$ cat protein-v7.txt   # compact mmCIF, C-alpha atoms
# COMPACT_ATOMS: atom_id res chain seq x y z
CA MET O 1 -12.06 -114.63 -100.54
CA LYS O 2 -10.05 -117.27 -102.38
CA LYS O 3 -10.46 -120.90 -101.35
CA ASN O 4 -6.84 -121.26 -100.24
CA GLU O 5 -7.23 -118.27 -97.92
CA ILE O 6 -9.96 -119.92 -95.84
CA PRO O 7 -8.53 -121.47 -92.64
CA LYS O 8 -8.56 -125.26 -92.69
CA GLU O 9 -10.17 -125.31 -89.25
CA THR O 10 -13.07 -123.24 -90.56
CA VAL O 11 -13.72 -125.68 -93.41
CA ASN O 12 -13.51 -128.58 -90.95
CA ARG O 13 -16.22 -127.01 -88.79
CA LEU O 14 -18.71 -126.35 -91.60
CA PRO O 15 -19.88 -130.00 -91.81
CA ILE O 16 -20.48 -129.90 -88.05
CA TYR O 17 -22.72 -126.86 -88.43
CA LEU O 18 -24.47 -128.49 -91.37
CA ARG O 19 -25.22 -131.69 -89.48
CA CYS O 20 -26.71 -129.72 -86.58
CA LEU O 21 -28.77 -127.51 -88.90
CA ASN O 22 -30.16 -130.53 -90.73
CA ARG O 23 -31.36 -131.95 -87.42
CA LEU O 24 -32.97 -128.63 -86.52
CA LEU O 25 -34.75 -128.51 -89.87
CA LEU O 26 -36.15 -132.00 -89.30
CA LYS O 27 -37.48 -130.81 -85.94
CA GLY O 28 -39.27 -127.91 -87.60
CA HIS O 29 -36.97 -125.04 -86.63
CA SER O 30 -36.99 -122.14 -89.09
CA SER O 31 -34.37 -119.90 -87.48
CA ILE O 32 -31.55 -120.04 -84.95
CA SER O 33 -29.20 -117.53 -83.35
CA SER O 34 -25.43 -117.91 -83.24
CA ASP O 35 -25.69 -118.30 -79.45
CA GLU O 36 -28.14 -121.20 -79.80
CA LEU O 37 -26.11 -122.87 -82.53
CA ALA O 38 -22.94 -122.45 -80.48
CA LYS O 39 -24.46 -124.35 -77.55
CA LEU O 40 -25.54 -127.20 -79.81
CA VAL O 41 -22.11 -127.65 -81.39
CA SER O 42 -20.07 -126.78 -78.26
CA MET O 43 -18.33 -123.78 -79.82
CA SER O 44 -18.32 -120.06 -79.16
CA PRO O 45 -20.80 -117.78 -80.95
CA ALA O 46 -17.89 -115.57 -82.03
CA LYS O 47 -16.17 -118.51 -83.72
CA ILE O 48 -19.32 -119.41 -85.64
CA ARG O 49 -19.83 -115.83 -86.78
CA LYS O 50 -16.17 -115.60 -87.80
CA ASP O 51 -16.32 -118.87 -89.74
CA LEU O 52 -19.39 -117.78 -91.67
CA SER O 53 -18.03 -114.30 -92.33
CA TYR O 54 -15.38 -115.75 -94.64
CA PHE O 55 -18.16 -116.59 -97.09
CA GLY O 56 -20.26 -113.44 -96.97
CA LYS O 57 -23.06 -111.99 -94.88
CA PHE O 58 -25.38 -114.36 -93.05
CA GLY O 59 -28.40 -113.87 -90.84
CA THR O 60 -30.19 -110.82 -89.49
CA ARG O 61 -29.25 -109.00 -86.30
CA GLY O 62 -31.80 -109.77 -83.60
CA VAL O 63 -33.35 -112.58 -85.63
CA GLY O 64 -30.54 -115.02 -86.34
CA TYR O 65 -30.02 -117.34 -89.25
CA GLY O 66 -32.69 -118.92 -91.41
CA VAL O 67 -32.06 -122.64 -90.92
CA LYS O 68 -33.02 -123.72 -94.43
CA GLN O 69 -31.17 -120.83 -96.05
CA LEU O 70 -28.01 -121.49 -94.04
CA ILE O 71 -28.14 -125.19 -94.91
CA GLU O 72 -28.36 -124.35 -98.61
CA ARG O 73 -25.48 -121.89 -98.38
CA ILE O 74 -23.18 -124.24 -96.46
CA ARG O 75 -23.97 -127.06 -98.88
CA GLU O 76 -23.03 -124.75 -101.73
CA ILE O 77 -19.78 -123.75 -99.99
CA LEU O 78 -18.86 -127.40 -99.40
CA ASN O 79 -19.73 -128.29 -103.00
CA LEU O 80 -22.52 -130.55 -101.78
CA ASP O 81 -25.14 -129.05 -104.06
CA LYS O 82 -24.24 -131.65 -106.70
CA ASN O 83 -24.05 -135.44 -106.84
CA TRP O 84 -20.74 -137.23 -106.25
CA ASN O 85 -20.19 -140.75 -107.55
CA LEU O 86 -17.84 -142.95 -105.54
CA ALA O 87 -15.71 -145.99 -106.25
CA LEU O 88 -14.88 -148.18 -103.25
CA VAL O 89 -11.82 -150.42 -103.39
CA GLY O 90 -11.66 -153.06 -100.67
CA VAL O 91 -14.68 -154.80 -99.20
CA GLY O 92 -13.20 -155.97 -95.93
CA ASN O 93 -14.49 -154.83 -92.55
CA VAL O 94 -14.12 -151.11 -93.27
CA GLY O 95 -15.38 -151.28 -96.85
CA SER O 96 -18.38 -153.42 -95.95
CA ALA O 97 -19.31 -151.03 -93.15
CA LEU O 98 -19.17 -148.08 -95.56
CA LEU O 99 -21.39 -149.85 -98.08
CA ALA O 100 -23.94 -150.60 -95.38
CA HIS O 101 -23.88 -147.08 -93.93
CA PRO O 102 -27.34 -145.48 -94.30
CA GLY O 103 -25.81 -142.07 -94.97
CA PHE O 104 -24.59 -143.13 -98.39
CA ASN O 105 -26.86 -143.36 -101.44
CA ARG O 106 -29.45 -141.11 -99.77
CA GLY O 107 -27.68 -137.79 -100.12
CA CYS O 108 -25.21 -136.46 -102.66
CA PHE O 109 -22.71 -139.32 -102.25
CA LYS O 110 -23.42 -142.58 -104.05
CA PHE O 111 -21.37 -145.74 -104.45
CA GLU O 112 -21.37 -146.51 -108.17
CA LEU O 113 -18.53 -149.04 -108.35
CA VAL O 114 -17.09 -151.52 -105.85
CA PHE O 115 -13.84 -153.44 -106.28
CA ASP O 116 -11.89 -156.17 -104.51
CA ASP O 117 -9.21 -158.69 -105.45
CA ASP O 118 -10.69 -161.55 -103.41
CA GLN O 119 -11.98 -163.92 -106.07
CA GLU O 120 -14.43 -165.43 -103.59
CA ILE O 121 -16.47 -162.22 -103.55
CA VAL O 122 -15.76 -160.82 -107.04
CA GLY O 123 -18.98 -161.04 -109.04
CA LYS O 124 -21.17 -161.19 -105.95
CA GLU O 125 -23.34 -158.42 -104.51
CA ILE O 126 -22.63 -156.78 -101.17
CA SER O 127 -25.20 -154.32 -99.84
CA GLY O 128 -26.78 -154.33 -103.28
CA LYS O 129 -23.57 -153.49 -105.15
CA LYS O 130 -21.79 -155.86 -107.52
CA VAL O 131 -18.13 -156.39 -106.68
CA TYR O 132 -15.72 -156.07 -109.61
CA ASP O 133 -12.15 -157.33 -109.82
CA SER O 134 -9.59 -154.71 -108.79
CA SER O 135 -7.77 -155.26 -112.07
CA GLU O 136 -10.71 -153.51 -113.75
CA ILE O 137 -10.43 -150.25 -111.77
CA SER O 138 -8.88 -148.02 -114.44
CA ARG O 139 -11.12 -149.34 -117.21
CA LEU O 140 -14.42 -149.08 -115.37
CA VAL O 141 -13.64 -145.81 -113.63
CA GLY O 142 -12.31 -144.35 -116.87
CA ASP O 143 -15.71 -143.46 -118.33
CA GLY O 144 -15.56 -140.24 -116.31
CA SER O 145 -18.56 -140.89 -114.07
CA ILE O 146 -16.52 -141.40 -110.87
CA GLN O 147 -15.05 -138.39 -109.11
CA ILE O 148 -13.99 -139.85 -105.76
CA GLY O 149 -12.23 -143.08 -104.83
CA ILE O 150 -12.27 -144.63 -101.38
CA ILE O 151 -9.35 -146.91 -100.55
CA ALA O 152 -9.92 -149.55 -97.86
CA VAL O 153 -7.19 -152.07 -98.64
CA PRO O 154 -4.05 -153.28 -96.80
CA ASN O 155 -1.02 -150.94 -96.75
CA GLU O 156 0.94 -152.79 -99.40
CA LYS O 157 -1.88 -152.46 -101.94
CA ALA O 158 -2.84 -148.84 -101.37
CA HIS O 159 -0.34 -147.20 -103.76
CA ALA O 160 -1.25 -149.43 -106.70
CA VAL O 161 -4.96 -148.84 -106.07
CA ALA O 162 -4.44 -145.07 -105.91
CA GLU O 163 -2.53 -145.13 -109.20
CA ALA O 164 -5.29 -147.16 -110.86
CA LEU O 165 -7.97 -144.76 -109.64
CA ILE O 166 -6.01 -141.75 -110.86
CA ARG O 167 -5.43 -143.34 -114.26
CA GLY O 168 -9.19 -143.71 -114.48
CA GLY O 169 -9.66 -139.99 -113.89
CA VAL O 170 -10.47 -139.85 -110.16
CA THR O 171 -9.42 -136.50 -108.67
CA GLY O 172 -10.31 -137.06 -105.01
CA ILE O 173 -9.31 -139.92 -102.71
CA ILE O 174 -10.23 -140.91 -99.17
CA ASN O 175 -7.55 -143.29 -97.89
CA PHE O 176 -8.29 -145.62 -94.97
CA ALA O 177 -5.02 -147.53 -95.40
CA PRO O 178 -2.48 -146.34 -92.78
CA VAL O 179 0.11 -145.33 -95.36
CA SER O 180 0.84 -141.97 -96.98
CA LEU O 181 0.00 -141.72 -100.66
CA HIS O 182 2.26 -139.71 -102.95
CA VAL O 183 0.22 -138.32 -105.83
CA ASN O 184 0.37 -135.25 -108.06
CA ASP O 185 -1.04 -131.96 -106.83
CA SER O 186 -4.13 -132.18 -109.04
CA VAL O 187 -5.45 -135.05 -106.88
CA LYS O 188 -6.78 -134.30 -103.41
CA VAL O 189 -6.10 -137.01 -100.82
CA TYR O 190 -7.55 -137.18 -97.32
CA GLN O 191 -6.11 -139.70 -94.89
CA ILE O 192 -8.36 -141.31 -92.28
CA ASP O 193 -6.37 -143.19 -89.65
CA ILE O 194 -8.07 -144.04 -86.36
CA THR O 195 -4.74 -144.65 -84.58
CA THR O 196 -3.60 -141.13 -85.48
CA GLU O 197 -6.82 -139.67 -84.09
CA LEU O 198 -6.43 -141.72 -80.92
CA SER O 199 -2.89 -140.39 -80.54
CA ARG O 200 -4.18 -136.83 -80.80
CA LEU O 201 -6.84 -137.61 -78.23
CA THR O 202 -4.43 -139.15 -75.73
CA TYR O 203 -2.12 -136.13 -76.08
CA HIS O 204 -4.94 -133.83 -74.98
CA MET O 205 -5.80 -136.22 -72.13
CA ARG O 206 -2.42 -135.67 -70.49
CA SER O 207 -2.86 -134.58 -66.90

$ encode --input "protein-v7.txt" --output "structure tokens"
Amino acid sequence: MKKNEIPKETVNRLPIYLRCLNRLLLKGHSSISSDELAKLVSMSPAKIRKDLSYFGKFGTRGVGYGVKQLIERIREILNLDKNWNLALVGVGNVGSALLAHPGFNRGCFKFELVFDDDQEIVGKEISGKKVYDSSEISRLVGDGSIQIGIIAVPNEKAHAVAEALIRGGVTGIINFAPVSLHVNDSVKVYQIDITTELSRLTYHMRS
């Protein structure tokens, strides 16, 4: 099945399955049924089976899924079976928290370049990463080693940062600035806005 034919909700659930399976592997589990996995991720077994069916045949009837094998397959589906180099722009509260997050630099995502326009921190190291001036984004990113840019700057700076990243060859952007970015179709942008998520939550909390 073509990538654009896979439901967005299915793709969104795959990382949830992967996180749960990784925990099971660490605990020594070698197999799991769809019923057991469903309980752990608070979803129905039918939904899990349907999600996985988009990508081929998984598991054995009466036995379940091999945990390690399913992890490897989901990682392959999510394109996580390769290393991804990241450029972070903005080392304020959000950016600093991302740099310090233990999940980065241990798996397939690694911060290679960090930028900010605050001259008080440019040239210094934060969480072991040297901070470069934002004016250097296109030049330093332009060697082709960076695939993903993370934007954690104020609204008014987000568009210019996105343009600089794209000029440097970045083809994927995570945007923490609460402003929509208008880029060409060859660049994938994902918006992360906590106020939007809270609004969705409060809608579903209506009595």

$ closest_residue --input "protein-v7.txt" --among "O:Leu14, O:Val114, O:Ala158, O:Val183" --to "Asn85 in chain O" --atoms "all atoms listed in the file"
O:Val114

$ residues_around --input "protein-v7.txt" --residues "Ser138 in chain O" --least-positions-apart "4" --cutoff "6 Å" --atoms "all atoms listed in the file" --output "MDAnalysis selection string"
chainID O and resid 142 164:165 167:168

$ atom_distance --input "protein-v7.txt" --atom1 "CA of Gly28 in chain O" --atom2 "CA of Leu40 in chain O"
15.8 Å

$ closest_residue --input "protein-v7.txt" --among "O:His29, O:Lys130, O:Arg61, O:Arg49" --to "Arg13 in chain O" --atoms "only C-alpha atoms"
O:Arg49

$ closest_residue --input "protein-v7.txt" --among "O:Leu86, O:Leu181, O:Ala97, O:Leu198" --to "Ala162 in chain O" --atoms "all atoms listed in the file"
O:Leu181

$ residues_around --input "protein-v7.txt" --residues "Phe111 in chain O" --least-positions-apart "3" --cutoff "9 Å" --atoms "all atoms listed in the file" --output "ChimeraX atom specification"
/O:84-88,99,104-105,114,129
